[in-house]
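Just run03.txt here, compact mmCIF, C-alpha atoms and all ligand atoms:
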```
# COMPACT_ATOMS: atom_id res chain seq x y z
CA MET A 1 -90.70 -10.71 8.36
CA ASP A 2 -90.70 -7.04 7.42
CA GLU A 3 -87.26 -6.32 8.79
CA ILE A 4 -84.24 -7.26 6.75
CA ILE A 5 -81.46 -8.56 8.90
CA SER A 6 -78.07 -7.93 7.39
CA THR A 7 -75.75 -10.89 7.64
CA GLU A 8 -72.89 -8.97 6.10
CA LYS A 9 -69.92 -8.68 8.45
CA LYS A 10 -68.95 -5.15 9.40
CA LYS A 11 -65.50 -3.91 8.53
CA VAL A 12 -63.09 -3.54 11.42
CA MET A 13 -61.50 -0.33 12.80
CA LEU A 14 -58.75 -0.39 15.39
CA SER A 15 -56.51 2.13 17.09
CA GLY A 16 -54.78 2.96 20.36
CA ILE A 17 -53.24 5.81 22.31
CA GLN A 18 -50.39 5.63 24.82
CA PRO A 19 -51.37 6.69 28.34
CA SER A 20 -47.94 8.27 28.71
CA GLY A 21 -49.42 11.73 29.20
CA ASP A 22 -52.82 13.33 29.60
CA LEU A 23 -54.91 13.24 26.42
CA HIS A 24 -54.73 16.44 24.40
CA LEU A 25 -56.43 18.22 21.52
CA GLY A 26 -54.06 16.59 18.99
CA ASN A 27 -55.14 13.12 20.16
CA TYR A 28 -58.77 14.20 19.98
CA LEU A 29 -58.76 15.86 16.55
CA GLY A 30 -56.18 13.54 14.98
CA ALA A 31 -57.63 10.30 16.29
CA ILE A 32 -60.56 9.97 18.72
CA LYS A 33 -62.97 12.32 16.89
CA ASN A 34 -62.47 10.24 13.77
CA TRP A 35 -63.12 7.02 15.68
CA VAL A 36 -66.37 8.31 17.13
CA ALA A 37 -67.63 9.53 13.75
CA ARG A 38 -67.61 6.01 12.26
CA THR A 39 -68.60 3.99 15.30
CA ASP A 40 -71.86 2.59 13.89
CA GLU A 41 -70.41 1.54 10.57
CA PHE A 42 -67.59 -0.60 11.90
CA ASP A 43 -66.69 -3.29 14.40
CA ASN A 44 -64.40 -1.22 16.62
CA TYR A 45 -61.41 -1.95 18.86
CA TYR A 46 -59.81 0.89 20.81
CA PHE A 47 -57.24 0.39 23.51
CA MET A 48 -54.96 2.08 26.02
CA ALA A 49 -51.44 1.26 24.72
CA ASP A 50 -49.83 0.92 28.16
CA MET A 51 -47.18 -1.56 26.98
CA HIS A 52 -45.78 1.05 24.61
CA THR A 53 -45.41 3.65 27.36
CA ILE A 54 -42.64 1.78 29.19
CA THR A 55 -40.23 2.38 26.31
CA VAL A 56 -39.81 5.63 28.27
CA ARG A 57 -39.63 5.54 32.10
CA GLN A 58 -43.03 6.05 33.75
CA THR A 59 -44.10 6.70 37.31
CA PRO A 60 -46.23 3.60 38.06
CA ALA A 61 -49.00 5.39 39.99
CA ASP A 62 -49.34 8.03 37.26
CA LEU A 63 -49.50 5.39 34.55
CA ARG A 64 -52.36 3.64 36.37
CA ARG A 65 -54.26 6.90 36.88
CA ARG A 66 -53.83 7.98 33.27
CA THR A 67 -54.92 4.61 31.92
CA MET A 68 -58.22 4.89 33.83
CA GLU A 69 -58.60 8.53 32.86
CA GLN A 70 -58.01 7.66 29.23
CA LEU A 71 -60.76 5.05 29.32
CA ALA A 72 -63.15 7.56 30.91
CA LEU A 73 -62.24 10.07 28.20
CA TYR A 74 -62.74 7.55 25.39
CA ILE A 75 -66.28 7.00 26.65
CA ALA A 76 -66.88 10.70 27.33
CA CYS A 77 -65.75 11.55 23.78
CA GLY A 78 -68.56 9.30 22.51
CA LEU A 79 -67.16 5.77 22.29
CA ASP A 80 -70.08 3.76 23.59
CA PRO A 81 -68.70 0.57 25.23
CA GLU A 82 -71.66 -1.35 23.77
CA LYS A 83 -70.51 -0.50 20.26
CA ASN A 84 -66.75 -0.39 20.79
CA THR A 85 -64.44 -2.93 22.39
CA LEU A 86 -62.45 -0.80 24.83
CA PHE A 87 -59.53 -2.48 26.55
CA VAL A 88 -56.10 -2.16 28.12
CA GLN A 89 -53.33 -3.53 25.90
CA SER A 90 -51.48 -5.35 28.72
CA HIS A 91 -54.70 -7.20 29.68
CA VAL A 92 -54.59 -9.07 26.37
CA HIS A 93 -51.45 -11.20 26.50
CA GLN A 94 -51.59 -12.02 22.80
CA HIS A 95 -50.14 -8.56 22.02
CA ALA A 96 -46.83 -9.47 23.64
CA GLU A 97 -46.82 -12.89 22.01
CA LEU A 98 -47.52 -11.79 18.46
CA GLY A 99 -45.21 -8.83 19.08
CA TRP A 100 -42.32 -11.24 19.61
CA VAL A 101 -43.13 -13.18 16.44
CA LEU A 102 -43.35 -10.02 14.35
CA ASN A 103 -40.05 -8.78 15.75
CA CYS A 104 -38.52 -11.65 13.83
CA TYR A 105 -40.16 -10.48 10.61
CA THR A 106 -39.18 -6.81 10.93
CA MET A 107 -35.85 -5.64 9.59
CA PHE A 108 -33.24 -3.63 11.47
CA GLY A 109 -33.05 -1.19 8.55
CA GLU A 110 -36.81 -0.62 8.61
CA LEU A 111 -36.80 0.10 12.33
CA SER A 112 -33.81 2.44 11.98
CA ARG A 113 -35.77 4.65 9.60
CA MET A 114 -38.65 5.37 12.00
CA THR A 115 -38.84 9.08 12.82
CA GLN A 116 -40.41 8.43 16.22
CA PHE A 117 -37.41 6.30 17.19
CA LYS A 118 -35.01 8.99 16.02
CA ASP A 119 -36.92 11.72 17.90
CA LYS A 120 -37.32 9.77 21.12
CA SER A 121 -33.74 8.53 21.20
CA LEU A 122 -32.58 12.12 20.91
CA LYS A 123 -34.90 13.15 23.74
CA HIS A 124 -34.04 10.23 26.04
CA LYS A 125 -30.33 9.73 25.40
CA GLU A 126 -29.89 8.02 28.77
CA ASN A 127 -32.44 5.30 27.96
CA ILE A 128 -32.29 4.19 24.31
CA ASN A 129 -33.61 0.72 25.05
CA GLY A 130 -34.48 -2.23 22.82
CA GLY A 131 -38.21 -1.66 23.28
CA LEU A 132 -37.96 1.86 21.92
CA PHE A 133 -36.35 0.46 18.80
CA THR A 134 -38.62 -2.54 18.21
CA TYR A 135 -41.81 -0.70 19.24
CA PRO A 136 -43.26 -0.70 15.67
CA ALA A 137 -43.28 -4.53 15.64
CA LEU A 138 -45.45 -4.49 18.78
CA MET A 139 -47.65 -1.87 17.16
CA ALA A 140 -48.00 -4.13 14.11
CA ALA A 141 -49.07 -6.94 16.44
CA ASP A 142 -51.63 -4.62 18.10
CA ILE A 143 -53.10 -4.02 14.69
CA LEU A 144 -52.89 -7.42 13.03
CA LEU A 145 -54.37 -9.46 15.90
CA TYR A 146 -57.75 -7.94 15.03
CA GLN A 147 -57.45 -8.10 11.22
CA PRO A 148 -58.71 -4.52 10.81
CA ASP A 149 -59.58 -2.85 7.52
CA PHE A 150 -58.72 0.64 8.80
CA VAL A 151 -56.40 2.12 11.40
CA PRO A 152 -57.52 5.69 12.19
CA VAL A 153 -54.47 7.69 13.32
CA GLY A 154 -52.97 11.17 13.01
CA GLU A 155 -50.32 11.92 10.41
CA ASP A 156 -47.37 11.14 12.75
CA GLN A 157 -48.35 7.46 13.06
CA LYS A 158 -48.69 6.88 9.33
CA GLN A 159 -45.10 5.67 9.03
CA HIS A 160 -45.71 2.94 11.62
CA VAL A 161 -48.84 1.75 9.82
CA GLU A 162 -46.87 1.69 6.56
CA LEU A 163 -44.25 -0.50 8.26
CA CYS A 164 -47.04 -2.78 9.46
CA ARG A 165 -48.15 -3.10 5.84
CA ASN A 166 -44.61 -4.14 4.85
CA ILE A 167 -44.68 -6.80 7.57
CA VAL A 168 -48.01 -8.11 6.24
CA GLN A 169 -46.58 -8.33 2.76
CA ARG A 170 -43.50 -10.19 3.98
CA PHE A 171 -45.40 -12.56 6.27
CA ASN A 172 -48.21 -13.33 3.82
CA GLY A 173 -45.61 -13.78 1.09
CA LEU A 174 -44.09 -16.60 3.15
CA TYR A 175 -47.18 -18.23 4.65
CA GLY A 176 -50.22 -17.32 2.53
CA ASP A 177 -53.08 -14.99 3.46
CA VAL A 178 -52.65 -14.85 7.23
CA PHE A 179 -53.17 -11.13 7.82
CA LYS A 180 -55.57 -8.69 6.24
CA MET A 181 -53.79 -5.65 4.77
CA PRO A 182 -54.76 -2.63 6.95
CA GLU A 183 -55.13 0.91 5.62
CA PRO A 184 -54.19 4.03 7.59
CA TYR A 185 -57.21 6.31 7.91
CA ILE A 186 -56.15 9.93 8.40
CA PRO A 187 -58.65 12.76 9.00
CA LYS A 188 -58.88 15.67 6.54
CA ALA A 189 -58.81 18.32 9.29
CA GLY A 190 -56.81 17.80 12.47
CA ALA A 191 -54.36 15.16 11.24
CA ARG A 192 -51.44 17.25 12.46
CA VAL A 193 -52.31 19.72 15.17
CA MET A 194 -49.32 21.94 15.86
CA SER A 195 -48.16 23.45 19.15
CA LEU A 196 -49.84 26.76 20.02
CA SER A 197 -46.58 28.18 21.35
CA ALA A 198 -44.20 26.84 18.65
CA PRO A 199 -46.26 26.02 15.55
CA ASP A 200 -43.33 24.46 13.69
CA GLY A 201 -43.63 21.43 16.02
CA LYS A 202 -46.62 19.16 16.62
CA MET A 203 -48.81 19.61 19.69
CA SER A 204 -47.54 17.21 22.29
CA LYS A 205 -47.63 16.72 26.05
CA SER A 206 -43.88 17.31 26.22
CA MET A 207 -44.48 21.02 25.48
CA PRO A 208 -47.37 21.79 27.85
CA GLU A 209 -47.50 25.57 27.15
CA GLY A 210 -48.49 24.88 23.54
CA CYS A 211 -50.70 21.90 24.33
CA VAL A 212 -54.41 21.90 25.22
CA PHE A 213 -55.38 18.97 27.44
CA LEU A 214 -58.88 17.52 27.28
CA MET A 215 -59.33 17.79 31.06
CA GLU A 216 -57.93 21.30 31.27
CA LYS A 217 -59.91 24.15 32.89
CA PRO A 218 -61.64 26.55 30.42
CA GLU A 219 -59.75 29.58 31.75
CA ASP A 220 -56.41 27.86 31.12
CA ILE A 221 -57.47 26.88 27.61
CA ALA A 222 -58.59 30.46 26.91
CA ARG A 223 -55.23 31.78 28.11
CA LYS A 224 -53.26 29.38 25.89
CA PHE A 225 -55.23 30.44 22.80
CA LYS A 226 -54.89 34.15 23.60
CA ARG A 227 -51.12 33.67 23.82
CA ALA A 228 -50.93 31.46 20.72
CA VAL A 229 -48.11 32.39 18.35
CA THR A 230 -49.49 33.78 15.10
CA ASP A 231 -46.86 35.30 12.85
CA SER A 232 -44.33 38.02 12.87
CA ASP A 233 -45.62 40.00 9.88
CA THR A 234 -47.74 43.05 10.46
CA GLU A 235 -50.55 41.94 8.19
CA ASN A 236 -52.83 40.90 11.10
CA CYS A 237 -55.08 39.12 8.64
CA VAL A 238 -56.71 35.71 9.05
CA ARG A 239 -55.64 33.94 5.86
CA PHE A 240 -54.57 30.33 5.27
CA ASP A 241 -50.90 30.33 4.29
CA LEU A 242 -49.09 27.33 5.69
CA ASP A 243 -45.60 28.41 4.60
CA ASN A 244 -45.65 32.02 5.73
CA LYS A 245 -48.22 31.92 8.53
CA PRO A 246 -47.99 28.47 10.16
CA GLY A 247 -49.41 29.66 13.50
CA VAL A 248 -52.50 31.16 11.86
CA ALA A 249 -52.89 28.12 9.61
CA ASN A 250 -52.79 25.88 12.69
CA LEU A 251 -55.44 27.92 14.47
CA MET A 252 -57.57 27.88 11.32
CA SER A 253 -57.31 24.13 11.02
CA ILE A 254 -58.26 23.69 14.69
CA TYR A 255 -61.22 26.05 14.24
CA SER A 256 -62.22 24.21 11.08
CA ALA A 257 -61.98 20.81 12.79
CA VAL A 258 -64.15 21.86 15.75
CA THR A 259 -66.75 23.94 13.88
CA GLY A 260 -66.84 22.19 10.48
CA LYS A 261 -66.30 25.56 8.74
CA THR A 262 -64.14 25.73 5.61
CA TYR A 263 -61.06 27.95 5.41
CA GLU A 264 -62.93 30.34 3.07
CA GLU A 265 -65.78 30.66 5.56
CA ILE A 266 -63.29 31.35 8.37
CA GLU A 267 -61.49 34.00 6.30
CA GLN A 268 -64.82 35.70 5.63
CA GLU A 269 -65.92 35.49 9.26
CA PHE A 270 -62.78 37.28 10.46
CA ALA A 271 -62.23 39.63 7.52
CA GLY A 272 -61.06 42.97 8.90
CA LYS A 273 -61.13 41.71 12.49
CA GLY A 274 -57.54 40.57 12.99
CA TYR A 275 -55.94 38.12 15.39
CA GLY A 276 -57.25 39.94 18.46
CA ALA A 277 -60.75 38.65 17.66
CA PHE A 278 -59.71 35.38 16.01
CA LYS A 279 -57.58 33.81 18.75
CA PRO A 280 -60.18 34.01 21.56
CA ALA A 281 -62.88 32.80 19.14
CA VAL A 282 -60.87 29.64 18.43
CA GLY A 283 -60.33 29.21 22.18
CA ASP A 284 -64.07 29.57 22.88
CA ALA A 285 -64.98 27.06 20.17
CA VAL A 286 -62.53 24.52 21.61
CA ILE A 287 -63.75 25.15 25.17
CA GLU A 288 -67.35 24.48 24.13
CA VAL A 289 -66.42 21.21 22.39
CA LEU A 290 -64.38 20.02 25.37
CA ARG A 291 -66.76 21.14 28.15
CA PRO A 292 -69.24 18.22 27.95
CA ILE A 293 -66.36 15.77 27.45
CA ARG A 294 -64.57 16.97 30.57
CA GLU A 295 -67.74 16.92 32.65
CA GLU A 296 -68.73 13.44 31.51
CA ALA A 297 -65.22 12.07 32.11
CA ALA A 298 -65.20 13.48 35.66
CA HIS A 299 -68.59 11.87 36.26
CA LEU A 300 -67.37 8.48 34.94
CA LEU A 301 -64.17 8.62 36.99
CA ALA A 302 -66.27 8.76 40.12
CA ASP A 303 -67.61 5.28 39.24
CA LYS A 304 -64.52 3.10 39.23
CA ALA A 305 -66.52 -0.13 39.32
CA TYR A 306 -68.24 0.80 36.05
CA LEU A 307 -64.93 1.55 34.32
CA GLU A 308 -63.44 -1.71 35.59
CA GLY A 309 -66.45 -3.57 34.20
CA VAL A 310 -65.91 -1.92 30.82
CA TYR A 311 -62.22 -2.79 30.55
CA ARG A 312 -62.75 -6.36 31.80
CA ALA A 313 -65.48 -7.04 29.24
CA GLY A 314 -63.32 -5.36 26.59
CA ALA A 315 -60.29 -7.53 27.37
CA GLU A 316 -62.39 -10.68 27.24
CA LYS A 317 -63.79 -9.90 23.82
CA ALA A 318 -60.45 -8.65 22.46
CA SER A 319 -58.65 -11.73 23.77
CA TYR A 320 -61.11 -14.06 22.07
CA VAL A 321 -60.53 -12.41 18.68
CA ALA A 322 -56.77 -12.04 19.20
CA GLU A 323 -56.35 -15.69 20.16
CA LYS A 324 -57.80 -16.85 16.84
CA THR A 325 -55.19 -14.87 14.92
CA LEU A 326 -52.37 -15.95 17.21
CA ARG A 327 -53.26 -19.66 16.84
CA LYS A 328 -53.27 -19.27 13.08
CA VAL A 329 -49.87 -17.57 13.14
CA TYR A 330 -48.31 -20.18 15.46
CA LYS A 331 -49.55 -22.97 13.23
CA LYS A 332 -48.24 -21.32 10.07
CA ILE A 333 -44.76 -20.73 11.44
CA GLY A 334 -44.46 -24.27 12.76
CA PHE A 335 -45.02 -24.05 16.51
CA LEU A 336 -46.33 -27.33 17.90
CA ALA A 337 -49.99 -27.16 18.99
CA ARG A 338 -50.64 -27.60 22.72
P1 LIG A 401 -49.78 8.41 20.39
O1 LIG A 401 -50.19 7.87 21.72
O2 LIG A 401 -48.55 9.21 20.30
O3 LIG A 401 -50.94 9.26 19.79
C1 LIG A 401 -52.28 8.77 19.73
C2 LIG A 401 -53.01 9.27 18.51
O4 LIG A 401 -53.07 10.69 18.51
C3 LIG A 401 -52.52 11.20 17.29
N1 LIG A 401 -51.82 12.45 17.56
C4 LIG A 401 -52.01 13.58 16.86
N2 LIG A 401 -52.81 13.85 15.83
C5 LIG A 401 -52.79 15.11 15.36
N3 LIG A 401 -52.00 16.09 15.86
C6 LIG A 401 -51.16 15.86 16.90
N4 LIG A 401 -50.42 16.83 17.40
C7 LIG A 401 -51.15 14.55 17.45
N5 LIG A 401 -50.46 13.96 18.46
C8 LIG A 401 -50.89 12.69 18.51
C9 LIG A 401 -51.56 10.10 16.81
O5 LIG A 401 -51.33 10.17 15.43
C10 LIG A 401 -52.31 8.86 17.21
O6 LIG A 401 -53.28 8.49 16.26
N6 LIG A 401 -47.95 4.21 18.47
C11 LIG A 401 -49.15 4.95 18.75
C12 LIG A 401 -50.11 4.21 19.65
C13 LIG A 401 -50.44 2.85 19.16
C14 LIG A 401 -51.27 2.52 18.06
C15 LIG A 401 -51.25 1.09 17.97
C16 LIG A 401 -52.02 3.27 17.16
C17 LIG A 401 -49.94 1.68 19.68
N7 LIG A 401 -50.46 0.63 18.96
C18 LIG A 401 -51.98 0.41 16.99
C19 LIG A 401 -52.74 2.58 16.17
C20 LIG A 401 -52.72 1.18 16.09
C21 LIG A 401 -48.75 6.26 19.43
O7 LIG A 401 -47.71 6.37 20.03
O8 LIG A 401 -49.71 7.21 19.35
```
Rewrite the structure of this file - the entire thing - as structure tokens.
Ligand code: TYM
Amino acid sequence: MDEIISTEKKKVMLSGIQPSGDLHLGNYLGAIKNWVARTDEFDNYYFMADMHTITVRQTPADLRRRTMEQLALYIACGLDPEKNTLFVQSHVHQHAELGWVLNCYTMFGELSRMTQFKDKSLKHKENINGGLFTYPALMAADILLYQPDFVPVGEDQKQHVELCRNIVQRFNGLYGDVFKMPEPYIPKAGARVMSLSAPDGKMSKSMPEGCVFLMEKPEDIARKFKRAVTDSDTENCVRFDLDNKPGVANLMSIYSAVTGKTYEEIEQEFAGKGYGAFKPAVGDAVIEVLRPIREEAAHLLADKAYLEGVYRAGAEKASYVAEKTLRKVYKKIGFLAR
């Protein structure tokens, strides 16, 4: 036999995104791009985190549409369903079950410190529900069911992955090596994409003027970049200075993430040209990266049967793996076997 067949098991990558809004450039650069880049090296699980979205009220029909659209975009961004297990969180019942167990191993104090909880409870004062508070325990279950080595996320989710690591330490300390310790995996460029209109806050769907959506029309994207806030000094010079020029630094990091150019190369490219040339150039680069993604997603969305086939196969595979972990956990904590 001239071919060497590797019997070594691949390491596992896992992550998810909430279909609570349309996918945007922050999700792409902070998360999905990083998933696609390592697809061949790992055994991959990527899901639509629909169970997390109901911590904030959703319109049911919109949630369904966005969940499908998110799957189409995952594939269009380059996640081949043959190489990645793509599934809907609520289709794999083990998430809710392990989520409950881990709730009982997560401390009130730990949950109280989560910045996402603090932010969202300020934003949704009328609906500070239990799910919003205990959400990180469900996220830990999402992760630990698949025993991943790495969890590729943007900077803002690092705190939740750190909490998951605390839960692993606590649980394994009591019951032995049940869970593998996961590592957050944060990209070098794009880990924290800021809003184009208010660059002191992260890009998010809740501020649509400063947010570039993956399915957005090129002319709208171009307009948002042309209007992007740079800085109030009169220097008009493309230079990376996070403290004094956060808007320019954000545009530079977006340009770097989509073109692969270093900050020095970008400074040289725009030396003497000013923001008037720089802002549309960043817009054009983003438009060109998103164009094939948008077109492919639209094409996939026209074939609902195909997408349904993908998420059904994904749920079946995910459920098989998740069940093994759940059985192990139930046994360890003393639940009687069926
Ligand atoms: P979510 O849905 O808010 O965001 C999904 C991913 O996109 C990244 N991201 C950003 N990265 C850079 N710049 C931004 N402006 C930006 N905005 C969002 C996030 O860091 C994230 O990686 N709790 C998670 C979803 C989740 C999950 C999980 C993730 C549920 N279970 C298990 C990993 C593992 C969330 O709300 O992400």
message: Residues contacting ligand LIG 401 (chain A) - anything with an atom at most 8 Å away, using all atoms listed in the file - can you give me those as a count of residues only?
response: 45
message: Show me, as a ChimeraX atom specification, the residues that have an atom within 12 Å of A:Ser112 when counting all atoms listed in the file, minus same-chain residues fewer than 4 positions from it.
response: /A:106-108,116-119,121,130,132-136,160,163
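Shortest atom-to-atom contact with A:Asp231 among A:Leu98, A:Met215, A:Leu251, A:Leu86: A:Leu251, counting only C-alpha atoms.
The two atoms in question, atom CA of A:Leu242 and atom CA of A:Gly272, are spaced 20.0 Å apart.
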message: Quick one: residues within 12 Å of A:Arg327, only C-alpha atoms, excluding same-chain residues fewer than 2 positions away - as a PyMOL selection string?
response: chain A and resi 94+97-98+145+178+319-325+329-338
query: With distances taken over all atoms listed in the file, which of A:Glu235, A:Asp50, A:Asp220, A:Glu267 is nearest to A:His95?
result: A:Asp50
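With atom CA of A:Ala96 on one side and atom CA of A:Tyr311 on the other, the separation reads 18.1 Å.
Atom pair atom CA of A:Asp243 / atom CA of A:Glu209: separated by 22.8 Å.
Closest approach to A:Val88 among A:Gly260, A:Gly283, A:Gly131, A:Gly314 is made by A:Gly314 (distances from all atoms listed in the file).
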Box centre and edge lengths (Å, one decimal), axis-aligned, stretch 62-66 of chain A plus 5 Å each side, as lines of an AutoDock Vina configuration file:
```
center_x = -51.8
center_y = 5.8
center_z = 35.3
size_x = 14.9
size_y = 14.4
size_z = 14.0
```
Stretch 160-178 of chain A rebuilt with N, CA, C and O atoms, output as an mmCIF file, keeping the file's coordinate frame:
```
data_model
loop_
_atom_site.group_PDB
_atom_site.id
_atom_site.type_symbol
_atom_site.label_atom_id
_atom_site.label_comp_id
_atom_site.auth_asym_id
_atom_site.auth_seq_id
_atom_site.Cartn_x
_atom_site.Cartn_y
_atom_site.Cartn_z
ATOM 1 N N HIS A 160 -45.633 4.229 10.929
ATOM 2 C CA HIS A 160 -45.710 2.940 11.620
ATOM 3 C C HIS A 160 -46.733 2.008 10.954
ATOM 4 O O HIS A 160 -46.527 0.795 10.886
ATOM 5 N N VAL A 161 -47.837 2.590 10.488
ATOM 6 C CA VAL A 161 -48.840 1.750 9.820
ATOM 7 C C VAL A 161 -48.282 1.264 8.466
ATOM 8 O O VAL A 161 -48.514 0.121 8.066
ATOM 9 N N GLU A 162 -47.497 2.107 7.823
ATOM 10 C CA GLU A 162 -46.870 1.690 6.560
ATOM 11 C C GLU A 162 -45.910 0.524 6.819
ATOM 12 O O GLU A 162 -45.837 -0.425 6.048
ATOM 13 N N LEU A 163 -45.164 0.598 7.928
ATOM 14 C CA LEU A 163 -44.250 -0.500 8.260
ATOM 15 C C LEU A 163 -45.040 -1.783 8.537
ATOM 16 O O LEU A 163 -44.648 -2.877 8.105
ATOM 17 N N CYS A 164 -46.168 -1.627 9.198
ATOM 18 C CA CYS A 164 -47.040 -2.780 9.460
ATOM 19 C C CYS A 164 -47.465 -3.412 8.125
ATOM 20 O O CYS A 164 -47.489 -4.641 7.979
ATOM 21 N N ARG A 165 -47.757 -2.583 7.161
ATOM 22 C CA ARG A 165 -48.150 -3.100 5.840
ATOM 23 C C ARG A 165 -46.984 -3.869 5.199
ATOM 24 O O ARG A 165 -47.198 -4.900 4.553
ATOM 25 N N ASN A 166 -45.770 -3.396 5.384
ATOM 26 C CA ASN A 166 -44.610 -4.140 4.850
ATOM 27 C C ASN A 166 -44.496 -5.507 5.518
ATOM 28 O O ASN A 166 -44.176 -6.501 4.865
ATOM 29 N N ILE A 167 -44.756 -5.522 6.840
ATOM 30 C CA ILE A 167 -44.680 -6.800 7.570
ATOM 31 C C ILE A 167 -45.733 -7.772 7.032
ATOM 32 O O ILE A 167 -45.464 -8.956 6.828
ATOM 33 N N VAL A 168 -46.931 -7.253 6.787
ATOM 34 C CA VAL A 168 -48.010 -8.110 6.240
ATOM 35 C C VAL A 168 -47.561 -8.701 4.913
ATOM 36 O O VAL A 168 -47.706 -9.910 4.675
ATOM 37 N N GLN A 169 -47.000 -7.863 4.074
ATOM 38 C CA GLN A 169 -46.580 -8.330 2.760
ATOM 39 C C GLN A 169 -45.529 -9.446 2.888
ATOM 40 O O GLN A 169 -45.622 -10.478 2.226
ATOM 41 N N ARG A 170 -44.577 -9.218 3.779
ATOM 42 C CA ARG A 170 -43.500 -10.190 3.980
ATOM 43 C C ARG A 170 -44.052 -11.492 4.549
ATOM 44 O O ARG A 170 -43.760 -12.579 4.052
ATOM 45 N N PHE A 171 -44.877 -11.370 5.574
ATOM 46 C CA PHE A 171 -45.400 -12.560 6.270
ATOM 47 C C PHE A 171 -46.333 -13.353 5.346
ATOM 48 O O PHE A 171 -46.195 -14.569 5.192
ATOM 49 N N ASN A 172 -47.274 -12.641 4.720
ATOM 50 C CA ASN A 172 -48.210 -13.330 3.820
ATOM 51 C C ASN A 172 -47.481 -13.927 2.621
ATOM 52 O O ASN A 172 -47.878 -14.968 2.104
ATOM 53 N N GLY A 173 -46.408 -13.265 2.210
ATOM 54 C CA GLY A 173 -45.610 -13.780 1.090
ATOM 55 C C GLY A 173 -45.010 -15.145 1.448
ATOM 56 O O GLY A 173 -44.875 -16.023 0.597
ATOM 57 N N LEU A 174 -44.682 -15.333 2.712
ATOM 58 C CA LEU A 174 -44.090 -16.600 3.150
ATOM 59 C C LEU A 174 -45.128 -17.664 3.472
ATOM 60 O O LEU A 174 -44.914 -18.853 3.228
ATOM 61 N N TYR A 175 -46.254 -17.232 4.077
ATOM 62 C CA TYR A 175 -47.180 -18.230 4.650
ATOM 63 C C TYR A 175 -48.598 -18.201 4.075
ATOM 64 O O TYR A 175 -49.483 -18.851 4.609
ATOM 65 N N GLY A 176 -48.841 -17.412 3.065
ATOM 66 C CA GLY A 176 -50.220 -17.320 2.530
ATOM 67 C C GLY A 176 -50.971 -16.189 3.216
ATOM 68 O O GLY A 176 -50.403 -15.415 3.978
ATOM 69 N N ASP A 177 -52.297 -16.123 2.969
ATOM 70 C CA ASP A 177 -53.080 -14.990 3.460
ATOM 71 C C ASP A 177 -53.385 -15.094 4.957
ATOM 72 O O ASP A 177 -54.487 -15.467 5.340
ATOM 73 N N VAL A 178 -52.431 -14.762 5.782
ATOM 74 C CA VAL A 178 -52.650 -14.850 7.230
ATOM 75 C C VAL A 178 -53.271 -13.550 7.751
ATOM 76 O O VAL A 178 -54.234 -13.564 8.503
#
```
